[in-house]
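Okay, data09.txt is below, compact mmCIF, C-alpha atoms (C1' of nucleotides):
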# COMPACT_ATOMS: atom_id res chain seq x y z
CA MET A 270 113.62 -92.23 -89.65
CA PRO A 271 111.13 -89.89 -88.03
CA PRO A 272 111.80 -90.22 -84.31
CA ASP A 273 109.43 -92.68 -82.66
CA THR A 274 106.81 -90.52 -80.95
CA LYS A 275 105.95 -93.09 -78.35
CA ALA A 276 109.59 -93.34 -77.28
CA ARG A 277 109.96 -89.56 -77.14
CA LEU A 278 106.79 -89.37 -75.09
CA LEU A 279 108.13 -91.88 -72.59
CA GLN A 280 111.45 -90.12 -72.34
CA SER A 281 109.98 -86.67 -71.79
CA ALA A 282 107.29 -87.93 -69.46
CA GLU A 283 109.86 -89.66 -67.29
CA ARG A 284 111.95 -86.52 -66.99
CA ILE A 285 109.01 -84.27 -66.16
CA LEU A 286 107.51 -86.72 -63.69
CA ARG A 287 110.83 -87.11 -61.87
CA GLU A 288 111.15 -83.33 -61.60
CA ARG A 289 107.59 -82.42 -60.70
CA GLY A 290 105.82 -85.52 -59.38
CA TYR A 291 102.72 -87.32 -60.61
CA ASN A 292 100.30 -84.51 -59.82
CA GLY A 293 102.67 -81.85 -61.06
CA PHE A 294 102.82 -82.82 -64.71
CA SER A 295 100.15 -82.85 -67.40
CA TYR A 296 99.59 -83.96 -70.95
CA ALA A 297 99.80 -80.28 -71.86
CA ASP A 298 103.40 -80.03 -70.60
CA LEU A 299 104.27 -83.14 -72.48
CA ALA A 300 102.56 -82.06 -75.70
CA GLN A 301 104.36 -78.75 -75.70
CA GLU A 302 107.72 -80.36 -75.08
CA ILE A 303 107.60 -82.78 -77.97
CA GLY A 304 105.59 -80.58 -80.30
CA ILE A 305 102.25 -82.34 -80.73
CA ARG A 306 98.74 -81.81 -79.32
CA THR A 307 97.41 -83.41 -76.16
CA ALA A 308 94.85 -85.37 -78.19
CA SER A 309 97.69 -87.12 -79.99
CA ILE A 310 99.15 -88.32 -76.73
CA HIS A 311 95.89 -90.10 -75.99
CA TYR A 312 96.42 -92.11 -79.16
CA HIS A 313 99.63 -93.57 -77.68
CA PHE A 314 98.46 -93.77 -74.07
CA ARG A 315 94.71 -93.90 -73.64
CA ALA A 316 94.87 -92.46 -70.12
CA LYS A 317 97.46 -90.87 -67.88
CA SER A 318 97.43 -93.99 -65.71
CA ASP A 319 98.47 -96.09 -68.72
CA LEU A 320 101.39 -93.78 -69.39
CA VAL A 321 102.51 -93.96 -65.76
CA LEU A 322 102.33 -97.73 -65.68
CA ALA A 323 104.40 -97.98 -68.86
CA LEU A 324 106.85 -95.55 -67.32
CA ILE A 325 107.33 -97.61 -64.16
CA GLU A 326 107.71 -100.87 -66.03
CA ARG A 327 110.22 -99.42 -68.45
CA TYR A 328 112.15 -97.82 -65.61
CA ALA A 329 112.18 -100.98 -63.50
CA GLU A 330 113.49 -102.99 -66.45
CA ARG A 331 116.22 -100.48 -67.16
CA ILE A 332 117.40 -100.40 -63.55
CA ALA A 333 117.19 -104.18 -63.24
CA GLY A 334 119.28 -104.50 -66.40
CA GLY A 335 121.88 -102.13 -65.01
CA LEU A 336 122.06 -104.02 -61.75
CA ALA A 337 122.40 -107.33 -63.59
CA ASP A 338 125.34 -105.86 -65.52
CA LEU A 339 126.80 -104.69 -62.24
CA SER A 340 126.50 -108.18 -60.77
CA ARG A 341 128.52 -109.51 -63.68
CA THR A 342 131.21 -106.84 -63.71
CA ALA A 343 131.63 -105.97 -60.03
CA PRO A 344 133.79 -108.63 -58.36
CA THR A 345 133.19 -107.77 -54.71
CA GLY A 346 130.21 -106.96 -52.54
CA ALA A 347 131.69 -103.51 -51.91
CA ASP A 348 131.96 -102.82 -55.64
CA ARG A 349 128.32 -103.73 -56.08
CA ILE A 350 127.14 -101.48 -53.26
CA ALA A 351 129.25 -98.62 -54.59
CA GLY A 352 127.63 -99.14 -57.99
CA TYR A 353 124.16 -99.21 -56.46
CA VAL A 354 124.74 -95.93 -54.64
CA ALA A 355 126.01 -94.45 -57.92
CA VAL A 356 122.71 -95.32 -59.63
CA TYR A 357 120.81 -93.19 -57.11
CA ARG A 358 123.42 -90.43 -57.12
CA ASP A 359 123.09 -90.18 -60.90
CA ALA A 360 119.28 -90.23 -60.74
CA LEU A 361 119.36 -87.25 -58.36
CA ARG A 362 121.11 -85.14 -61.00
CA GLN A 363 122.57 -82.59 -58.59
CA GLY A 364 119.28 -82.26 -56.77
CA SER A 365 117.18 -81.54 -59.83
CA SER A 366 115.24 -84.80 -60.04
CA LEU A 367 114.37 -87.99 -58.20
CA CYS A 368 114.37 -91.67 -59.00
CA LEU A 369 111.04 -92.24 -60.76
CA CYS A 370 109.92 -94.58 -58.01
CA VAL A 371 110.88 -92.21 -55.21
CA SER A 372 108.80 -89.53 -56.87
CA LEU A 373 105.83 -91.85 -57.36
CA SER A 374 106.02 -93.28 -53.84
CA ALA A 375 105.38 -89.81 -52.47
CA ASP A 376 102.27 -89.53 -54.67
CA ALA A 377 101.12 -93.07 -53.89
CA GLU A 378 97.61 -91.87 -53.05
CA SER A 379 97.03 -90.78 -56.65
CA LEU A 380 98.13 -94.02 -58.27
CA GLU A 381 96.11 -96.93 -59.62
CA PRO A 382 96.49 -100.31 -57.89
CA THR A 383 98.46 -101.63 -60.88
CA ALA A 384 100.98 -98.80 -60.63
CA LEU A 385 101.23 -99.30 -56.88
CA ALA A 386 101.94 -102.99 -57.41
CA ALA A 387 104.67 -102.17 -59.93
CA LEU A 388 106.20 -99.75 -57.44
CA GLU A 389 106.28 -102.39 -54.75
CA ALA A 390 107.87 -104.82 -57.18
CA PHE A 391 110.56 -102.26 -57.92
CA HIS A 392 111.38 -101.90 -54.24
CA GLN A 393 111.28 -105.65 -53.74
CA GLY A 394 113.67 -106.15 -56.64
CA GLY A 395 116.09 -103.61 -55.24
CA ILE A 396 116.07 -105.26 -51.84
CA ALA A 397 116.60 -108.72 -53.37
CA TRP A 398 119.58 -107.47 -55.38
CA LEU A 399 121.06 -105.68 -52.35
CA THR A 400 120.59 -108.76 -50.18
CA GLU A 401 122.71 -110.78 -52.59
CA ALA A 402 125.34 -108.05 -52.66
CA PHE A 403 125.58 -108.01 -48.87
CA GLU A 404 125.72 -111.81 -48.76
CA LEU A 405 128.67 -111.65 -51.12
CA ALA A 406 130.25 -108.94 -48.97
CA ALA A 407 129.86 -111.07 -45.86
CA GLU A 408 131.82 -113.81 -47.64
CA ASP A 409 134.52 -111.74 -49.31
CA GLY A 410 135.04 -109.33 -46.40
CA SER A 411 134.81 -106.28 -48.65
CA ILE A 412 132.41 -104.42 -46.32
CA GLU A 413 133.03 -103.79 -42.62
CA HIS A 414 130.87 -105.48 -39.94
CA VAL A 415 128.04 -106.70 -42.17
CA GLY A 416 124.78 -107.41 -40.34
CA ALA A 417 121.99 -109.68 -41.55
CA PRO A 418 122.06 -109.19 -45.35
CA ALA A 419 118.30 -108.70 -45.65
CA SER A 420 118.43 -106.02 -42.97
CA GLU A 421 121.40 -104.32 -44.57
CA ALA A 422 119.50 -104.36 -47.87
CA ALA A 423 116.34 -102.77 -46.47
CA ALA A 424 118.38 -100.11 -44.71
CA THR A 425 120.45 -99.34 -47.79
CA LEU A 426 117.41 -98.92 -50.03
CA ALA A 427 115.82 -96.53 -47.52
CA LEU A 428 119.11 -94.70 -47.08
CA VAL A 429 119.61 -93.89 -50.75
CA GLU A 430 115.96 -93.00 -51.32
CA GLY A 431 115.94 -90.72 -48.29
CA ALA A 432 119.27 -89.22 -49.31
CA GLN A 433 117.73 -88.28 -52.65
CA LEU A 434 114.82 -86.60 -50.94
CA VAL A 435 117.04 -84.48 -48.72
CA GLY A 436 119.13 -83.54 -51.74
CA ARG A 437 116.00 -82.62 -53.69
CA ALA A 438 114.88 -80.26 -50.93
CA SER A 439 118.24 -78.49 -51.17
CA ARG A 440 118.53 -78.70 -54.97
CA SER A 441 122.02 -80.02 -54.32
CA ALA A 442 124.09 -83.19 -54.38
CA GLU A 443 125.81 -82.49 -51.07
CA PRO A 444 123.18 -83.79 -48.63
CA PHE A 445 123.14 -87.05 -50.59
CA GLU A 446 126.88 -87.44 -50.26
CA ARG A 447 126.80 -86.67 -46.56
CA ALA A 448 124.04 -89.22 -46.02
CA VAL A 449 125.86 -92.07 -47.77
CA ALA A 450 129.34 -91.18 -46.46
CA LEU A 451 129.32 -93.70 -43.60
CA LEU A 452 128.16 -96.50 -45.88
CA MET A 453 130.84 -95.62 -48.41
CA ALA A 454 133.43 -95.59 -45.63
CA ARG A 455 132.57 -99.19 -44.78
CA LEU A 456 133.53 -100.32 -48.30
CA ARG A 457 137.08 -101.60 -48.78
CA ASP A 458 139.17 -101.76 -51.93
CA VAL A 459 136.83 -99.60 -53.96
CA GLY A 460 138.61 -97.42 -56.49
CA MET B 57 83.86 -71.60 -27.93
CA PRO B 58 83.32 -71.75 -31.69
CA PRO B 59 86.26 -73.79 -32.90
CA ASP B 60 89.01 -71.59 -34.30
CA THR B 61 88.66 -71.88 -38.07
CA LYS B 62 92.27 -71.05 -38.75
CA ALA B 63 93.44 -73.84 -36.45
CA ARG B 64 91.02 -76.33 -37.98
CA LEU B 65 92.23 -75.28 -41.43
CA LEU B 66 95.84 -75.91 -40.47
CA GLN B 67 95.06 -79.27 -38.95
CA SER B 68 93.06 -80.54 -41.93
CA ALA B 69 95.48 -79.10 -44.46
CA GLU B 70 98.40 -80.83 -42.80
CA ARG B 71 96.63 -84.17 -42.85
CA ILE B 72 95.56 -83.90 -46.48
CA LEU B 73 98.94 -82.62 -47.63
CA ARG B 74 100.75 -85.46 -45.88
CA GLU B 75 98.44 -87.98 -47.55
CA ARG B 76 98.28 -86.54 -51.04
CA GLY B 77 101.22 -84.20 -51.57
CA TYR B 78 101.32 -80.50 -52.41
CA ASN B 79 99.88 -80.85 -55.89
CA GLY B 80 97.35 -83.43 -54.78
CA PHE B 81 95.30 -81.26 -52.45
CA SER B 82 93.17 -78.21 -53.10
CA TYR B 83 91.24 -75.52 -51.29
CA ALA B 84 88.11 -77.37 -52.44
CA ASP B 85 89.10 -80.51 -50.50
CA LEU B 86 89.85 -78.42 -47.47
CA ALA B 87 86.65 -76.39 -47.71
CA GLN B 88 84.51 -79.50 -47.91
CA GLU B 89 86.26 -81.12 -44.98
CA ILE B 90 85.74 -78.30 -42.55
CA GLY B 91 82.43 -77.12 -43.95
CA ILE B 92 83.07 -73.65 -45.38
CA ARG B 93 83.57 -72.25 -48.90
CA THR B 94 86.91 -71.93 -50.65
CA ALA B 95 86.56 -68.14 -50.66
CA SER B 96 86.55 -68.20 -46.86
CA ILE B 97 89.87 -70.03 -46.78
CA HIS B 98 91.43 -67.17 -48.72
CA TYR B 99 90.45 -64.87 -45.86
CA HIS B 100 92.71 -66.86 -43.52
CA PHE B 101 95.45 -67.66 -46.02
CA ARG B 102 95.64 -65.29 -48.97
CA ALA B 103 97.26 -67.89 -51.22
CA LYS B 104 98.01 -71.57 -51.10
CA SER B 105 101.70 -70.76 -50.73
CA ASP B 106 100.94 -68.83 -47.53
CA LEU B 107 99.08 -71.80 -46.11
CA VAL B 108 101.95 -74.13 -46.94
CA LEU B 109 104.53 -71.88 -45.37
CA ALA B 110 102.47 -71.64 -42.18
CA LEU B 111 102.13 -75.41 -42.23
CA ILE B 112 105.87 -75.99 -42.45
CA GLU B 113 106.70 -73.50 -39.73
CA ARG B 114 104.09 -74.90 -37.38
CA TYR B 115 105.24 -78.44 -38.09
CA ALA B 116 108.91 -77.63 -37.60
CA GLU B 117 108.16 -75.97 -34.27
CA ARG B 118 106.11 -78.91 -33.08
CA ILE B 119 108.79 -81.43 -34.00
CA ALA B 120 111.55 -79.26 -32.53
CA GLY B 121 109.57 -79.01 -29.31
CA GLY B 122 109.16 -82.77 -29.18
CA LEU B 123 112.86 -83.32 -29.74
CA ALA B 124 113.73 -80.77 -27.04
CA ASP B 125 111.52 -82.70 -24.62
CA LEU B 126 113.23 -85.89 -25.67
CA SER B 127 116.65 -84.37 -24.97
CA ARG B 128 115.50 -83.60 -21.44
CA THR B 129 113.85 -86.93 -20.70
CA ALA B 130 116.03 -89.43 -22.59
CA PRO B 131 119.18 -90.12 -20.57
CA THR B 132 121.27 -91.93 -23.17
CA GLY B 133 122.12 -91.40 -26.82
CA ALA B 134 120.38 -94.65 -27.65
CA ASP B 135 117.18 -93.51 -25.96
CA ARG B 136 117.24 -90.34 -28.00
CA ILE B 137 117.73 -92.17 -31.30
CA ALA B 138 114.96 -94.59 -30.43
CA GLY B 139 112.70 -91.61 -29.74
CA TYR B 140 113.68 -89.96 -33.00
CA VAL B 141 112.84 -93.08 -34.99
CA ALA B 142 109.52 -93.25 -33.16
CA VAL B 143 108.64 -89.75 -34.36
CA TYR B 144 108.96 -90.88 -37.98
CA ARG B 145 107.24 -94.19 -37.34
CA ASP B 146 104.26 -92.37 -35.87
CA ALA B 147 104.19 -89.86 -38.74
CA LEU B 148 103.95 -92.74 -41.23
CA ARG B 149 100.69 -93.91 -39.64
CA GLN B 150 100.85 -97.48 -40.92
CA GLY B 151 101.78 -96.29 -44.39
CA SER B 152 98.90 -93.87 -44.79
CA SER B 153 100.82 -90.59 -44.59
CA LEU B 154 104.26 -89.04 -44.65
CA CYS B 155 106.15 -86.57 -42.54
CA LEU B 156 105.03 -83.16 -43.87
CA CYS B 157 108.56 -82.35 -44.95
CA VAL B 158 109.10 -85.67 -46.70
CA SER B 159 105.94 -85.05 -48.69
CA LEU B 160 106.95 -81.49 -49.55
CA SER B 161 110.52 -82.44 -50.45
CA ALA B 162 109.18 -84.64 -53.22
CA ASP B 163 107.17 -81.69 -54.58
CA ALA B 164 110.05 -79.24 -54.16
CA GLU B 165 109.66 -77.98 -57.71
CA SER B 166 106.23 -76.53 -56.92
CA LEU B 167 107.29 -74.65 -53.78
CA GLU B 168 108.11 -70.99 -53.28
CA PRO B 169 111.66 -70.11 -52.24
CA THR B 170 110.47 -69.26 -48.73
CA ALA B 171 108.91 -72.70 -48.31
CA LEU B 172 112.02 -74.32 -49.70
CA ALA B 173 114.16 -72.44 -47.20
CA ALA B 174 111.91 -73.57 -44.34
CA LEU B 175 112.22 -77.15 -45.56
CA GLU B 176 115.98 -76.94 -45.57
CA ALA B 177 115.92 -75.47 -42.07
CA PHE B 178 113.80 -78.40 -40.91
CA HIS B 179 116.33 -80.88 -42.26
CA GLN B 180 119.20 -78.89 -40.83
CA GLY B 181 117.55 -78.84 -37.42
CA GLY B 182 117.03 -82.58 -37.50
CA ILE B 183 120.66 -83.20 -38.38
CA ALA B 184 121.87 -80.87 -35.64
CA TRP B 185 119.74 -82.65 -33.04
CA LEU B 186 120.85 -86.07 -34.26
CA THR B 187 124.49 -85.01 -34.22
CA GLU B 188 124.21 -84.15 -30.53
CA ALA B 189 122.47 -87.45 -29.83
CA PHE B 190 125.27 -89.40 -31.52
CA GLU B 191 127.90 -87.36 -29.69
CA LEU B 192 126.22 -88.35 -26.44
CA ALA B 193 126.09 -91.96 -27.57
CA ALA B 194 129.79 -91.93 -28.38
CA GLU B 195 130.42 -90.85 -24.79
CA ASP B 196 127.95 -93.07 -22.95
CA GLY B 197 128.54 -96.14 -25.12
CA SER B 198 124.83 -96.71 -25.63
CA ILE B 199 125.16 -97.26 -29.40
CA GLU B 200 127.51 -99.76 -31.03
CA HIS B 201 130.48 -98.59 -33.12
CA VAL B 202 129.49 -94.95 -33.57
CA GLY B 203 131.13 -93.20 -36.53
CA ALA B 204 131.58 -89.46 -36.95
CA PRO B 205 128.44 -88.01 -35.28
CA ALA B 206 127.68 -85.62 -38.14
CA SER B 207 127.85 -88.50 -40.62
CA GLU B 208 125.71 -90.73 -38.43
CA ALA B 209 123.21 -87.89 -38.20
CA ALA B 210 122.97 -87.32 -41.96
CA ALA B 211 122.61 -91.06 -42.56
CA THR B 212 119.94 -91.45 -39.88
CA LEU B 213 117.82 -88.60 -41.25
CA ALA B 214 117.98 -90.08 -44.75
CA LEU B 215 117.27 -93.55 -43.40
CA VAL B 216 114.04 -92.64 -41.63
CA GLU B 217 112.81 -90.43 -44.47
CA GLY B 218 113.52 -93.15 -47.02
CA ALA B 219 111.96 -95.77 -44.76
CA GLN B 220 108.77 -93.71 -44.72
CA LEU B 221 108.73 -93.53 -48.48
CA VAL B 222 109.07 -97.28 -48.91
CA GLY B 223 106.34 -97.82 -46.33
CA ARG B 224 104.11 -95.34 -48.14
CA ALA B 225 104.49 -97.23 -51.41
CA SER B 226 103.31 -100.38 -49.65
CA ARG B 227 100.67 -98.68 -47.47
CA SER B 228 102.23 -100.57 -44.58
CA ALA B 229 104.45 -100.10 -41.55
CA GLU B 230 106.53 -103.20 -42.20
CA PRO B 231 109.05 -101.85 -44.71
CA PHE B 232 109.78 -99.02 -42.28
CA GLU B 233 110.52 -101.46 -39.49
CA ARG B 234 112.73 -103.57 -41.71
CA ALA B 235 114.68 -100.50 -42.82
CA VAL B 236 115.40 -99.28 -39.30
CA ALA B 237 115.97 -102.74 -37.77
CA LEU B 238 119.77 -102.61 -38.00
CA LEU B 239 119.90 -99.15 -36.45
CA MET B 240 117.61 -100.26 -33.64
CA ALA B 241 119.79 -103.34 -33.08
CA ARG B 242 122.78 -101.09 -32.45
CA LEU B 243 121.01 -99.43 -29.53
CA ARG B 244 121.71 -100.83 -26.08
CA ASP B 245 119.64 -100.67 -22.92
CA VAL B 246 116.56 -99.37 -24.65
CA GLY B 247 113.31 -100.63 -23.12
C1' DG C 164 84.30 -64.16 -41.15
C1' DT C 165 81.66 -66.16 -44.33
C1' DC C 166 78.93 -65.96 -48.19
C1' DT C 167 77.57 -65.82 -53.54
C1' DA C 168 79.13 -65.02 -57.85
C1' DT C 169 82.51 -65.02 -61.08
C1' DA C 170 86.87 -64.80 -63.65
C1' DC C 171 90.11 -67.36 -66.14
C1' DG C 172 93.12 -70.81 -67.13
C1' DG C 173 94.29 -75.70 -66.57
C1' DT C 174 92.85 -80.85 -66.70
C1' DG C 175 92.13 -85.45 -68.65
C1' DA C 176 89.54 -87.09 -72.16
C1' DT C 177 86.61 -87.86 -76.58
C1' DA C 178 84.64 -87.36 -81.52
C1' DG C 179 85.51 -87.08 -85.91
C1' DA C 180 88.10 -84.89 -89.96
C1' DC C 181 92.30 -85.47 -92.58
C1' DG D 79 99.09 -90.60 -86.32
C1' DT D 80 97.95 -86.23 -85.79
C1' DC D 81 94.86 -82.64 -86.05
C1' DT D 82 90.76 -79.26 -84.58
C1' DA D 83 87.10 -78.69 -81.77
C1' DT D 84 84.93 -79.45 -77.76
C1' DC D 85 83.57 -81.32 -73.29
C1' DA D 86 82.80 -81.22 -68.35
C1' DC D 87 84.98 -80.32 -64.88
C1' DC D 88 88.63 -78.56 -61.34
C1' DG D 89 92.22 -75.08 -59.94
C1' DT D 90 93.50 -70.70 -57.48
C1' DA D 91 91.99 -66.38 -56.77
C1' DT D 92 89.11 -61.96 -56.40
C1' DA D 93 84.99 -58.57 -55.69
C1' DG D 94 81.63 -57.25 -53.06
C1' DA D 95 77.26 -58.33 -50.28
C1' DC D 96 75.82 -59.62 -45.65

Can the structure from this file be put into structure tokens for me?
Amino acid sequence: MPPDTKARLLQSAERILRERGYNGFSYADLAQEIGIRTASIHYHFRAKSDLVLALIERYAERIAGGLADLSRTAPTGADRIAGYVAVYRDALRQGSSLCLCVSLSADAESLEPTALAALEAFHQGGIAWLTEAFELAAEDGSIEHVGAPASEAAATLALVEGAQLVGRASRSAEPFERAVALLMARLRDVG
Amino acid sequence: MPPDTKARLLQSAERILRERGYNGFSYADLAQEIGIRTASIHYHFRAKSDLVLALIERYAERIAGGLADLSRTAPTGADRIAGYVAVYRDALRQGSSLCLCVSLSADAESLEPTALAALEAFHQGGIAWLTEAFELAAEDGSIEHVGAPASEAAATLALVEGAQLVGRASRSAEPFERAVALLMARLRDVG
DNA sequence: GTCTATACGGTGATAGAC
DNA sequence: GTCTATCACCGTATAGAC
């Protein structure tokens, strides 16, 4: 019945980290937000690096789960790409936060090797999923002039991550929409 | 003859900030690197926010100057886009650093309004330059199937910034190259 | 211009009581 | 599980001597 502290910690930590970056958030912020002392956080996560690693893994699983759902429910390649872009649009939250892994990539220098490896795995997973989506699109004709699927995938991942960054600098969703407009225009039959 | 301390400060600060982010570098790092005390840095830049603002303005001018040169020397739209991509490729330095403004965009929450405004101006300037380059390309036919120049510009800015981020997470140049490969393939007659 | 000295709060982390 | 108390720094910033 009492809310699971560890879960609340993860939830708050993710939000703060996505707003302020790895070096911009502390156990003190976190402690204040959920109403315990910093010492208590160390009980759940021995070190800040442990918390961050748990955060990445949890985040990667959640996104991977969402993409797997999308693969099942989206019939065309265009539907899948539209859904993928929506994931990043939602994560931007009108320019107020970044995808956890976009935020952490910028602070790569401060991360442990294990966290760095998890970050790379996240990117690799995104590219693999996008490659499949573009392969499907090449077959079903739902996206205009599709190039090599692996190249389209790498470009699309960079596009949405960069679009988030530009939106973050403007604290607005508009730059994101402008950046993905051409990609969205290539999609056919998307509601 | 004695090296200008202010200039050395700016040079070192830019390097460190691009490697570690706004919240990941301190006056102490800077002081140690150029061999003076932190108190002396405050003589040149009253507060960290003043240093960062000077850094952005200097950086924006340098990049704008480079792009202006490129406009004069690159005859086709494709040449200009290739040159633009090269600017970001060089700034990535094999995955060891980011464009100053990519780094700062991720730490937007920590910046003063003046710095944020300068960041937005940097992005706006990049998009304006790219828009002209794509307009030229639409006329000279040097890039395949050019869409609305303003849309191409917004997408290209996001693409190269995102490509840097993915490269940074892997401490490698390869993800950057993969991300821009399709764009580069659209360019014709580029040595 | 650069220094020493210092203020003052933040930082991740630990020991041990409850 | 959470607390109090405490540690050993590190952070930006200032005052005033040289």

Check: which chain B residues lie within 9 Å of chain D using only C-alpha atoms (C1' of nucleotides), as a ChimeraX atom specification: /B:82-84,95,98,102-104

With C-alpha atoms retained, could you export that selection as an mmCIF file, in the frame of the given file?
data_model
loop_
_atom_site.group_PDB
_atom_site.id
_atom_site.type_symbol
_atom_site.label_atom_id
_atom_site.label_comp_id
_atom_site.auth_asym_id
_atom_site.auth_seq_id
_atom_site.Cartn_x
_atom_site.Cartn_y
_atom_site.Cartn_z
ATOM 1 C CA SER B 82 93.170 -78.210 -53.100
ATOM 2 C CA TYR B 83 91.240 -75.520 -51.290
ATOM 3 C CA ALA B 84 88.110 -77.370 -52.440
ATOM 4 C CA ALA B 95 86.560 -68.140 -50.660
ATOM 5 C CA HIS B 98 91.430 -67.170 -48.720
ATOM 6 C CA ARG B 102 95.640 -65.290 -48.970
ATOM 7 C CA ALA B 103 97.260 -67.890 -51.220
ATOM 8 C CA LYS B 104 98.010 -71.570 -51.100
#

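Note that the spacing between atom CA of B:Thr187 and atom CA of A:Thr400 amounts to 28.9 Å.
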
Leaving out stretch 378-388 of chain A and any residue of its chain fewer than 6 positions from it, which residues lie within 7 Å of it when counting all atoms listed in the file, given as number ranges by chain? A: 318, 322, 325-326, 370; B: 75-76, 225

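Near chain C, counting all atoms listed in the file at 10 Å, the chain B residues are Thr61, Ile92, Arg93, Ala95, Ser96, Ile97, Tyr99 and His100 of chain B.
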
Once you have the residues from the selection above, write them out as a short mmCIF file (atom, residue, chain, number, x, y, z; two decimals), in the coordinates of the input, restricted to C-alpha atoms.
data_model
loop_
_atom_site.label_atom_id
_atom_site.label_comp_id
_atom_site.auth_asym_id
_atom_site.auth_seq_id
_atom_site.Cartn_x
_atom_site.Cartn_y
_atom_site.Cartn_z
CA THR B 61 88.66 -71.88 -38.07
CA ILE B 92 83.07 -73.65 -45.38
CA ARG B 93 83.57 -72.25 -48.90
CA ALA B 95 86.56 -68.14 -50.66
CA SER B 96 86.55 -68.20 -46.86
CA ILE B 97 89.87 -70.03 -46.78
CA TYR B 99 90.45 -64.87 -45.86
CA HIS B 100 92.71 -66.86 -43.52
#

May I ask you to extract the residues of chain A within 9 Å of chain B, using all atoms listed in the file, and to give them as a PDB file with C-alpha atoms, keeping the file's coordinate frame?
ATOM      1  CA  GLU A 288     111.150 -83.330 -61.600  1.00  0.00           C
ATOM      2  CA  ARG A 289     107.590 -82.420 -60.700  1.00  0.00           C
ATOM      3  CA  GLY A 290     105.820 -85.520 -59.380  1.00  0.00           C
ATOM      4  CA  TYR A 291     102.720 -87.320 -60.610  1.00  0.00           C
ATOM      5  CA  ASN A 292     100.300 -84.510 -59.820  1.00  0.00           C
ATOM      6  CA  GLY A 293     102.670 -81.850 -61.060  1.00  0.00           C
ATOM      7  CA  SER A 365     117.180 -81.540 -59.830  1.00  0.00           C
ATOM      8  CA  LEU A 367     114.370 -87.990 -58.200  1.00  0.00           C
ATOM      9  CA  CYS A 370     109.920 -94.580 -58.010  1.00  0.00           C
ATOM     10  CA  VAL A 371     110.880 -92.210 -55.210  1.00  0.00           C
ATOM     11  CA  SER A 372     108.800 -89.530 -56.870  1.00  0.00           C
ATOM     12  CA  LEU A 373     105.830 -91.850 -57.360  1.00  0.00           C
ATOM     13  CA  SER A 374     106.020 -93.280 -53.840  1.00  0.00           C
ATOM     14  CA  ALA A 375     105.380 -89.810 -52.470  1.00  0.00           C
ATOM     15  CA  ASP A 376     102.270 -89.530 -54.670  1.00  0.00           C
ATOM     16  CA  ALA A 377     101.120 -93.070 -53.890  1.00  0.00           C
ATOM     17  CA  GLU A 378      97.610 -91.870 -53.050  1.00  0.00           C
ATOM     18  CA  SER A 379      97.030 -90.780 -56.650  1.00  0.00           C
ATOM     19  CA  LEU A 385     101.230 -99.300 -56.880  1.00  0.00           C
ATOM     20  CA  ALA A 386     101.940-102.990 -57.410  1.00  0.00           C
ATOM     21  CA  LEU A 388     106.200 -99.750 -57.440  1.00  0.00           C
ATOM     22  CA  GLU A 389     106.280-102.390 -54.750  1.00  0.00           C
ATOM     23  CA  HIS A 392     111.380-101.900 -54.240  1.00  0.00           C
ATOM     24  CA  GLY A 416     124.780-107.410 -40.340  1.00  0.00           C
ATOM     25  CA  ALA A 417     121.990-109.680 -41.550  1.00  0.00           C
ATOM     26  CA  ALA A 419     118.300-108.700 -45.650  1.00  0.00           C
ATOM     27  CA  SER A 420     118.430-106.020 -42.970  1.00  0.00           C
ATOM     28  CA  GLU A 421     121.400-104.320 -44.570  1.00  0.00           C
ATOM     29  CA  ALA A 422     119.500-104.360 -47.870  1.00  0.00           C
ATOM     30  CA  ALA A 423     116.340-102.770 -46.470  1.00  0.00           C
ATOM     31  CA  ALA A 424     118.380-100.110 -44.710  1.00  0.00           C
ATOM     32  CA  THR A 425     120.450 -99.340 -47.790  1.00  0.00           C
ATOM     33  CA  LEU A 426     117.410 -98.920 -50.030  1.00  0.00           C
ATOM     34  CA  ALA A 427     115.820 -96.530 -47.520  1.00  0.00           C
ATOM     35  CA  LEU A 428     119.110 -94.700 -47.080  1.00  0.00           C
ATOM     36  CA  VAL A 429     119.610 -93.890 -50.750  1.00  0.00           C
ATOM     37  CA  GLU A 430     115.960 -93.000 -51.320  1.00  0.00           C
ATOM     38  CA  GLY A 431     115.940 -90.720 -48.290  1.00  0.00           C
ATOM     39  CA  ALA A 432     119.270 -89.220 -49.310  1.00  0.00           C
ATOM     40  CA  GLN A 433     117.730 -88.280 -52.650  1.00  0.00           C
ATOM     41  CA  LEU A 434     114.820 -86.600 -50.940  1.00  0.00           C
ATOM     42  CA  VAL A 435     117.040 -84.480 -48.720  1.00  0.00           C
ATOM     43  CA  GLY A 436     119.130 -83.540 -51.740  1.00  0.00           C
ATOM     44  CA  ARG A 437     116.000 -82.620 -53.690  1.00  0.00           C
ATOM     45  CA  ALA A 438     114.880 -80.260 -50.930  1.00  0.00           C
ATOM     46  CA  SER A 439     118.240 -78.490 -51.170  1.00  0.00           C
ATOM     47  CA  ARG A 440     118.530 -78.700 -54.970  1.00  0.00           C
ATOM     48  CA  PRO A 444     123.180 -83.790 -48.630  1.00  0.00           C
ATOM     49  CA  PHE A 445     123.140 -87.050 -50.590  1.00  0.00           C
ATOM     50  CA  ARG A 447     126.800 -86.670 -46.560  1.00  0.00           C
ATOM     51  CA  ALA A 448     124.040 -89.220 -46.020  1.00  0.00           C
ATOM     52  CA  VAL A 449     125.860 -92.070 -47.770  1.00  0.00           C
ATOM     53  CA  ALA A 450     129.340 -91.180 -46.460  1.00  0.00           C
ATOM     54  CA  LEU A 451     129.320 -93.700 -43.600  1.00  0.00           C
ATOM     55  CA  LEU A 452     128.160 -96.500 -45.880  1.00  0.00           C
TER      56      LEU A 452
END
